[in-house]
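Student: Input file: upload_11.cif. Contents: mmCIF, C-alpha atoms and all ligand atoms.
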data_upload
loop_
_atom_site.label_atom_id
_atom_site.label_comp_id
_atom_site.auth_asym_id
_atom_site.auth_seq_id
_atom_site.Cartn_x
_atom_site.Cartn_y
_atom_site.Cartn_z
CA MET A 1468 -6.63 25.43 -7.85
CA ARG A 1469 -5.36 26.54 -4.47
CA GLU A 1470 -2.78 24.61 -2.48
CA GLU A 1471 -5.23 23.72 0.28
CA GLU A 1472 -7.45 22.03 -2.29
CA LEU A 1473 -4.69 19.72 -3.44
CA GLU A 1474 -4.68 16.25 -2.05
CA VAL A 1475 -1.91 13.74 -1.54
CA ALA A 1476 -2.83 10.33 -2.92
CA ILE A 1477 -0.75 7.29 -2.18
CA LYS A 1478 -1.04 3.99 -3.98
CA VAL A 1479 -0.33 1.12 -1.58
CA VAL A 1480 -0.03 -2.53 -2.65
CA ILE A 1481 -0.66 -5.34 -0.17
CA VAL A 1482 1.24 -8.51 -0.99
CA GLY A 1483 1.92 -11.86 0.61
CA ASN A 1484 0.88 -15.51 0.36
CA GLY A 1485 -2.74 -16.56 0.14
CA ALA A 1486 -4.86 -16.51 3.32
CA VAL A 1487 -2.48 -14.38 5.41
CA GLY A 1488 -5.23 -11.79 5.84
CA LYS A 1489 -4.59 -9.15 3.15
CA SER A 1490 -8.22 -8.68 2.10
CA SER A 1491 -9.29 -8.79 5.73
CA MET A 1492 -6.81 -6.06 6.58
CA ILE A 1493 -8.09 -3.73 3.89
CA GLN A 1494 -11.70 -4.44 4.79
CA ARG A 1495 -10.95 -3.78 8.44
CA TYR A 1496 -9.14 -0.54 7.66
CA CYS A 1497 -11.58 0.86 5.12
CA LYS A 1498 -14.91 -0.54 6.33
CA GLY A 1499 -14.27 -1.48 9.95
CA THR A 1500 -15.51 -5.03 9.36
CA PHE A 1501 -14.08 -8.52 9.82
CA THR A 1502 -15.37 -11.88 8.65
CA LYS A 1503 -13.91 -15.26 9.44
CA ASP A 1504 -14.88 -16.64 6.04
CA TYR A 1505 -12.06 -17.08 3.54
CA LYS A 1506 -12.78 -16.05 -0.03
CA LYS A 1507 -9.59 -15.98 -2.05
CA THR A 1508 -8.98 -12.83 -4.05
CA ILE A 1509 -9.18 -13.31 -7.80
CA GLY A 1510 -6.61 -11.02 -9.38
CA VAL A 1511 -6.86 -7.69 -7.56
CA ASP A 1512 -9.28 -5.68 -5.52
CA PHE A 1513 -9.33 -2.05 -4.53
CA LEU A 1514 -10.52 0.09 -1.62
CA GLU A 1515 -9.59 3.54 -0.43
CA ARG A 1516 -9.59 5.60 2.72
CA GLN A 1517 -8.92 9.22 3.45
CA ILE A 1518 -6.98 10.20 6.56
CA GLU A 1519 -5.49 13.35 8.01
CA LEU A 1520 -1.81 13.32 8.80
CA ASP A 1521 0.19 16.31 10.02
CA GLY A 1522 -2.61 18.58 8.90
CA GLU A 1523 -2.54 17.11 5.40
CA GLU A 1524 -5.40 15.25 3.73
CA VAL A 1525 -4.06 11.94 2.49
CA ARG A 1526 -5.98 9.51 0.32
CA LEU A 1527 -4.74 5.93 0.59
CA MET A 1528 -5.57 3.84 -2.44
CA LEU A 1529 -5.21 0.25 -1.29
CA TRP A 1530 -4.64 -2.47 -3.87
CA ASP A 1531 -5.34 -5.92 -2.54
CA THR A 1532 -3.53 -8.49 -4.66
CA ALA A 1533 -4.16 -12.22 -4.84
CA GLY A 1534 -1.66 -14.29 -2.89
CA GLN A 1535 -2.14 -17.40 -4.98
CA GLU A 1536 0.62 -17.94 -7.53
CA GLU A 1537 -1.84 -18.66 -10.31
CA PHE A 1538 -2.63 -14.93 -10.39
CA ASP A 1539 0.99 -13.72 -10.45
CA ALA A 1540 0.93 -12.51 -14.03
CA ILE A 1541 -2.16 -10.38 -13.42
CA THR A 1542 -1.19 -8.95 -10.07
CA LYS A 1543 2.31 -7.82 -11.04
CA ALA A 1544 0.86 -5.38 -13.53
CA TYR A 1545 -0.99 -3.69 -10.70
CA TYR A 1546 2.15 -3.08 -8.67
CA ARG A 1547 3.21 -0.43 -11.15
CA GLY A 1548 3.10 3.08 -9.78
CA ALA A 1549 2.79 1.91 -6.18
CA GLN A 1550 4.40 4.26 -3.70
CA ALA A 1551 4.20 2.04 -0.63
CA CYS A 1552 3.88 -1.63 0.18
CA VAL A 1553 2.49 -3.87 2.91
CA LEU A 1554 4.32 -7.19 2.98
CA ALA A 1555 2.17 -9.59 4.97
CA PHE A 1556 2.69 -13.04 6.45
CA SER A 1557 0.73 -15.07 8.94
CA THR A 1558 1.77 -16.09 12.46
CA THR A 1559 0.44 -19.59 11.77
CA ASP A 1560 1.83 -20.14 8.26
CA ARG A 1561 5.56 -20.81 7.99
CA ASP A 1562 5.55 -20.78 4.18
CA SER A 1563 4.09 -17.29 4.15
CA PHE A 1564 6.94 -16.09 6.39
CA GLU A 1565 9.55 -17.70 4.16
CA ALA A 1566 7.97 -16.22 1.04
CA ALA A 1567 8.12 -12.62 2.30
CA HIS A 1568 11.52 -11.97 0.76
CA SER A 1569 10.43 -13.07 -2.71
CA TRP A 1570 7.27 -10.93 -2.46
CA LYS A 1571 9.46 -7.94 -1.74
CA MET A 1572 11.58 -8.73 -4.78
CA LYS A 1573 8.51 -8.94 -7.02
CA VAL A 1574 7.37 -5.50 -5.89
CA GLU A 1575 10.87 -4.07 -6.22
CA ASP A 1576 11.10 -5.37 -9.79
CA GLU A 1577 8.14 -3.19 -10.73
CA CYS A 1578 8.44 -0.23 -8.35
CA GLY A 1579 12.04 -0.01 -7.20
CA GLU A 1580 12.56 0.59 -3.47
CA ILE A 1581 9.42 2.01 -1.90
CA PRO A 1582 8.44 2.44 1.77
CA THR A 1583 7.50 -1.04 2.95
CA VAL A 1584 6.22 -2.43 6.19
CA LEU A 1585 6.55 -6.09 7.12
CA VAL A 1586 3.33 -7.24 8.79
CA GLN A 1587 3.00 -10.31 10.95
CA ASN A 1588 -0.77 -10.84 11.02
CA LYS A 1589 -2.94 -13.11 13.18
CA ILE A 1590 -1.13 -12.42 16.45
CA ASP A 1591 -4.34 -13.40 18.22
CA LEU A 1592 -3.14 -16.94 17.35
CA LEU A 1593 0.28 -16.62 19.00
CA ASP A 1594 -0.28 -19.93 20.81
CA GLN A 1595 -0.17 -21.59 17.36
CA SER A 1596 2.80 -19.55 16.16
CA VAL A 1597 5.31 -21.12 13.78
CA VAL A 1598 7.57 -18.05 13.64
CA ASP A 1599 9.88 -17.00 16.49
CA PRO A 1600 9.73 -13.30 17.38
CA GLU A 1601 13.50 -12.99 16.83
CA GLU A 1602 13.22 -14.50 13.35
CA ALA A 1603 10.62 -11.95 12.39
CA ASP A 1604 12.78 -9.12 13.76
CA LEU A 1605 15.77 -10.44 11.82
CA LEU A 1606 13.79 -10.67 8.61
CA ALA A 1607 12.58 -7.09 8.99
CA ARG A 1608 16.16 -5.93 9.50
CA ALA A 1609 17.35 -7.94 6.48
CA LEU A 1610 14.61 -6.46 4.32
CA GLY A 1611 15.26 -2.97 5.66
CA CYS A 1612 11.73 -2.35 6.80
CA ARG A 1613 9.75 -1.90 9.98
CA LEU A 1614 7.94 -4.90 11.47
CA LEU A 1615 4.43 -4.46 12.80
CA ARG A 1616 2.48 -7.26 14.46
CA THR A 1617 -1.23 -7.13 13.80
CA SER A 1618 -4.44 -8.91 14.45
CA VAL A 1619 -7.02 -7.91 11.92
CA LYS A 1620 -9.51 -10.00 13.84
CA GLU A 1621 -8.94 -8.12 17.11
CA ASP A 1622 -8.23 -4.84 15.31
CA ILE A 1623 -4.72 -4.55 16.73
CA ASN A 1624 -2.22 -2.27 14.97
CA VAL A 1625 -4.02 -2.15 11.62
CA ASN A 1626 -4.24 1.65 11.64
CA ALA A 1627 -0.58 1.88 12.58
CA VAL A 1628 0.44 0.01 9.41
CA PHE A 1629 -1.14 2.53 7.08
CA ARG A 1630 -0.27 5.61 9.13
CA HIS A 1631 3.36 4.54 9.16
CA LEU A 1632 3.43 4.17 5.38
CA ALA A 1633 1.58 7.44 4.82
CA ALA A 1634 4.07 9.20 7.12
CA CYS A 1635 7.03 7.74 5.19
CA CYS A 1636 5.54 8.87 1.88
CA LEU A 1637 4.74 12.36 3.18
CA ALA A 1638 8.28 12.73 4.47
CA GLU A 1639 9.59 11.75 1.04
CA LEU A 1640 7.25 14.17 -0.66
CA ARG A 1641 8.38 17.04 1.59
CA LEU A 1642 11.98 16.23 0.83
CA GLN A 1643 11.26 16.38 -2.87
CA GLU A 1644 9.45 19.66 -2.45
CA GLU A 1645 12.45 21.12 -0.66
CA GLU A 1646 14.80 19.85 -3.35
CA TYR A 1647 12.53 21.28 -5.99
CA ALA A 1648 12.40 24.64 -4.25
CA LEU A 1649 16.18 24.66 -3.84
CA SER A 1650 16.68 23.84 -7.50
CA GLY A 1651 14.87 27.10 -8.26
CA ALA A 1652 11.99 25.34 -10.04
CA SER A 1653 14.07 25.88 -13.16
CA ASN A 1654 12.11 26.03 -16.41
CA GLY A 1655 8.56 26.40 -15.10
CA ILE A 1656 7.37 23.59 -17.37
CA PRO A 1657 5.75 20.76 -15.43
CA PRO A 1658 6.95 17.29 -16.38
CA LEU A 1659 4.37 15.05 -17.98
CA THR A 1660 3.58 12.28 -15.56
CA ILE A 1661 1.82 9.11 -16.64
CA SER A 1662 0.25 7.76 -13.53
CA ALA A 1663 -1.66 4.70 -12.50
CA PHE A 1664 -4.68 6.42 -11.02
CA SER A 1665 -7.28 5.05 -8.73
CA PRO A 1666 -9.97 3.05 -10.56
CA SER A 1667 -12.46 5.13 -8.69
CA MET A 1668 -11.26 8.31 -10.37
CA GLN A 1669 -12.91 8.68 -13.71
CA ASN A 1670 -13.47 11.93 -15.52
CA GLY A 1671 -12.14 13.64 -12.41
CA LYS A 1672 -15.00 12.17 -10.36
CA SER A 1673 -14.91 9.48 -7.76
CA HIS A 1674 -16.59 6.19 -8.67
CA HIS A 1675 -16.40 2.88 -6.89
CA GLY A 1676 -15.39 1.03 -9.91
CA ASN A 1677 -14.49 -2.10 -11.70
CA GLY A 1678 -10.79 -2.36 -10.92
CA THR A 1679 -9.59 -0.91 -14.21
CA ILE A 1680 -6.38 1.08 -14.09
CA ILE A 1681 -6.77 4.35 -15.92
CA LEU A 1682 -3.62 5.71 -17.46
CA ARG A 1683 -3.62 9.36 -18.25
CA PRO A 1684 -1.19 12.25 -18.35
CA GLY A 1685 -0.52 14.14 -15.14
CA LYS A 1686 -2.88 17.10 -14.72
CA GLN A 1687 -1.43 20.43 -15.69
CA LYS A 1688 -2.28 22.35 -12.55
CA SER A 1689 -1.11 25.88 -12.03
CA HIS A 1690 0.77 25.07 -8.88
CA LYS A 1691 4.39 24.21 -8.43
CA LYS A 1692 3.61 21.21 -6.19
CA LYS A 1693 2.75 19.16 -9.23
CA ASN A 1694 6.34 19.26 -10.35
CA VAL A 1695 7.61 17.24 -7.44
CA LEU A 1696 5.67 14.18 -8.48
CA ARG A 1697 7.64 11.41 -9.98
CA ASN A 1698 7.69 8.04 -8.37
CA ALA A 1699 6.60 9.48 -5.06
CA CYS A 1700 3.23 10.36 -3.59
CA ARG A 1701 1.02 12.10 -6.07
CA ILE A 1702 -0.96 15.22 -5.56
CA LEU A 1703 -4.19 15.03 -7.50
N1 LIG B 1801 -7.52 -15.46 13.63
C1 LIG B 1801 -7.36 -14.56 12.66
N2 LIG B 1801 -7.84 -14.83 11.44
C2 LIG B 1801 -7.64 -13.88 10.47
C3 LIG B 1801 -6.98 -12.66 10.72
N3 LIG B 1801 -6.94 -11.95 9.57
C4 LIG B 1801 -7.56 -12.71 8.65
N4 LIG B 1801 -7.98 -13.87 9.18
C5 LIG B 1801 -8.67 -14.98 8.49
O1 LIG B 1801 -7.76 -15.54 7.55
C6 LIG B 1801 -8.46 -16.01 6.40
C7 LIG B 1801 -7.84 -15.45 5.15
O2 LIG B 1801 -8.02 -14.05 5.12
P1 LIG B 1801 -8.01 -13.21 3.77
O3 LIG B 1801 -8.06 -11.78 4.19
O4 LIG B 1801 -9.06 -13.69 2.85
O5 LIG B 1801 -6.57 -13.61 3.18
P2 LIG B 1801 -5.82 -13.06 1.87
O6 LIG B 1801 -4.41 -12.86 2.27
O7 LIG B 1801 -6.53 -11.88 1.31
O8 LIG B 1801 -5.94 -14.30 0.88
P3 LIG B 1801 -5.85 -14.33 -0.76
O9 LIG B 1801 -7.01 -13.55 -1.26
O10 LIG B 1801 -5.94 -15.78 -1.12
O11 LIG B 1801 -4.54 -13.75 -1.14
C8 LIG B 1801 -9.92 -15.60 6.59
O12 LIG B 1801 -10.62 -16.73 7.07
C9 LIG B 1801 -9.86 -14.52 7.66
O13 LIG B 1801 -11.03 -14.47 8.45
C10 LIG B 1801 -6.50 -12.41 12.06
O14 LIG B 1801 -5.91 -11.37 12.40
N5 LIG B 1801 -6.71 -13.40 12.98
#
In structure tokens, write the structure found in this file.
Ligand SMILES: Nc1nc2c(ncn2[C@@H]2O[C@H](COP(=O)(O)OP(=O)(O)OP(=O)(O)O)[C@@H](O)[C@H]2O)c(=O)[nH]1

Tutor:
Amino acid sequence: MREEELEVAIKVVIVGNGAVGKSSMIQRYCKGTFTKDYKKTIGVDFLERQIELDGEEVRLMLWDTAGQEEFDAITKAYYRGAQACVLAFSTTDRDSFEAAHSWKMKVEDECGEIPTVLVQNKIDLLDQSVVDPEEADLLARALGCRLLRTSVKEDINVNAVFRHLAACCLAELRLQEEEYALSGASNGIPPLTISAFSPSMQNGKSHHGNGTIILRPGKQKSHKKKNVLRNACRIL
């Protein structure tokens, strides 16, 4: 397989309290649609979108997790292998803002520190806001991540959220590639990587599937790029 045929795939988890707009955000980003109906997510859901960034094809695999606590045990298992995170709260829901820190901890427990963006959604409802702008800025600083204010309804800043995360992951990947190159690519034996792959990838083909995580060994491709993959963006 040639280098130009390789693709960077990034697993992104979207977390935050119920009804902050996580499913809506993924639907908006992947399908360009918005509905004002609320249907709580049961467990997890999955959508994906391919984008081009810095001349690189990037596939974003977006895992929408339920915000309701009753699903905690299920959703945590799906955090594993995530390389980036959207931490969402709602402009009109104080509890969701106060819960952001604990959501970050839950993700960190499973994934370690990964590129994360704090998202204040529903800014079309600023007149009903229960969070001061300065408080949100402070929280972002305390959590060490960028704050983006979005309205999924009005399609404001949604693209920016995912482009920012993809850019962070690509930068990390390039750094690893450089380190790998500098290390002299020592023994020539690729490490075996066990990866949480997209549920839509089965038998090497893309299926829009049933939400099952497929665990399988990293592919043994005859290209050195595969060796840089650990807990960073994967090249499939
Ligand atoms: N006004 C406004 N409403 C929004 C926005 N984004 C989402 N909503 C509404 O908020 C409600 C909840 O949205 P969901 O996307 O289902 O929320 P969720 O975070 O996925 O909820 P769970 O599945 O329970 O975790 C729905 O009625 C959406 O239409 C927004 O930017 N502005």

Student: Once you count all atoms listed in the file, which residues end up within 7 Å of ligand LIG 1801 (chain B), and could you hand them over as an MDAnalysis selection string?

Tutor: chainID A and resid 1483:1492 1501:1509 1532:1535 1588:1592 1617:1621

Student: I want to know what sits within 10 Å of Gly1510 in chain A, based on only C-alpha atoms, with residues of the same chain fewer than 4 positions away left out; could you give that as a PyMOL selection string?

Tutor: chain A and resi 1531-1535+1537-1543+1545+1678

Student: For Pro1600 in chain A, list every protein, DNA or RNA residue within 12 Å, evaluated using all atoms listed in the file, and leave out those in the same chain fewer than 2 positions away; present the list as a PyMOL selection string.

Tutor: chain A and resi 1558+1564+1587+1590+1593+1596-1598+1602-1607+1614-1616

Student: When you draw a straight line from CA of Val1479 in chain A to CA of Gln1550 in chain A, how long is it in Å?

Tutor: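 Between CA of Val1479 in chain A and CA of Gln1550 in chain A the gap is 6.1 Å.
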
Student: Out of A:Glu1536, A:Glu1646, A:Glu1639, A:Asp1622, which residue has the shortest atom-to-atom distance to Lys1573 in chain A when counting all atoms listed in the file?

Tutor: A:Glu1536

Student: To one decimal in Å, tell me the separation between CA of Ala1551 in chain A and CA of Lys1478 in chain A.

Tutor: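 Between these atoms lies a distance of 6.5 Å.
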
Student: What is the CA of Val1482 in chain A-CA of Arg1630 in chain A distance in Å, reported with one decimal?

Tutor: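 These atoms are spaced 17.4 Å apart.
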
Student: For Tyr1496 in chain A, list every protein, DNA or RNA residue within 8 Å, evaluated using only C-alpha atoms, and leave out those in the same chain fewer than 5 positions away; present the list as a PDB file with C-alpha atoms, in the frame of the given file.

Tutor:
ATOM      1  CA  ARG A1516      -9.590   5.600   2.720  1.00  0.00           C
ATOM      2  CA  VAL A1625      -4.020  -2.150  11.620  1.00  0.00           C
ATOM      3  CA  ASN A1626      -4.240   1.650  11.640  1.00  0.00           C
TER       4      ASN A1626
END

Student: Please determine, counting all atoms listed in the file, which residue among A:Glu1519, A:Glu1644, A:Asp1562, A:Glu1577 has the shortest atom-to-atom distance to Arg1547 in chain A.

Tutor: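 Under the stated criterion, the closest residue is A:Glu1577.
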
Student: Put a box with edges along x, y and z around all the listed atoms of range 1550-1563 of chain A, pad it by 6 Å on each side, then give me its centre and sizes in Å, one decimal, as JSON.

Tutor:
{"center_x": 3.0, "center_y": -8.3, "center_z": 4.4, "size_x": 17.1, "size_y": 37.1, "size_z": 28.2}

Student: Find, counting all atoms listed in the file, the residue in A:Leu1637, A:His1568, A:Tyr1647, A:Asp1560 that gets nearest to Ala1609 in chain A.

Tutor: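 Once distances to Ala1609 in chain A are computed over all atoms listed in the file, the minimum belongs to A:His1568.
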
Student: Which residue, A:Cys1635, A:Ile1493, A:Cys1578, A:Val1584, has the smallest gap to Ala1549 in chain A when you use all atoms listed in the file?

Tutor: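 Answer, going by the shortest atom-to-atom distance: A:Cys1578.
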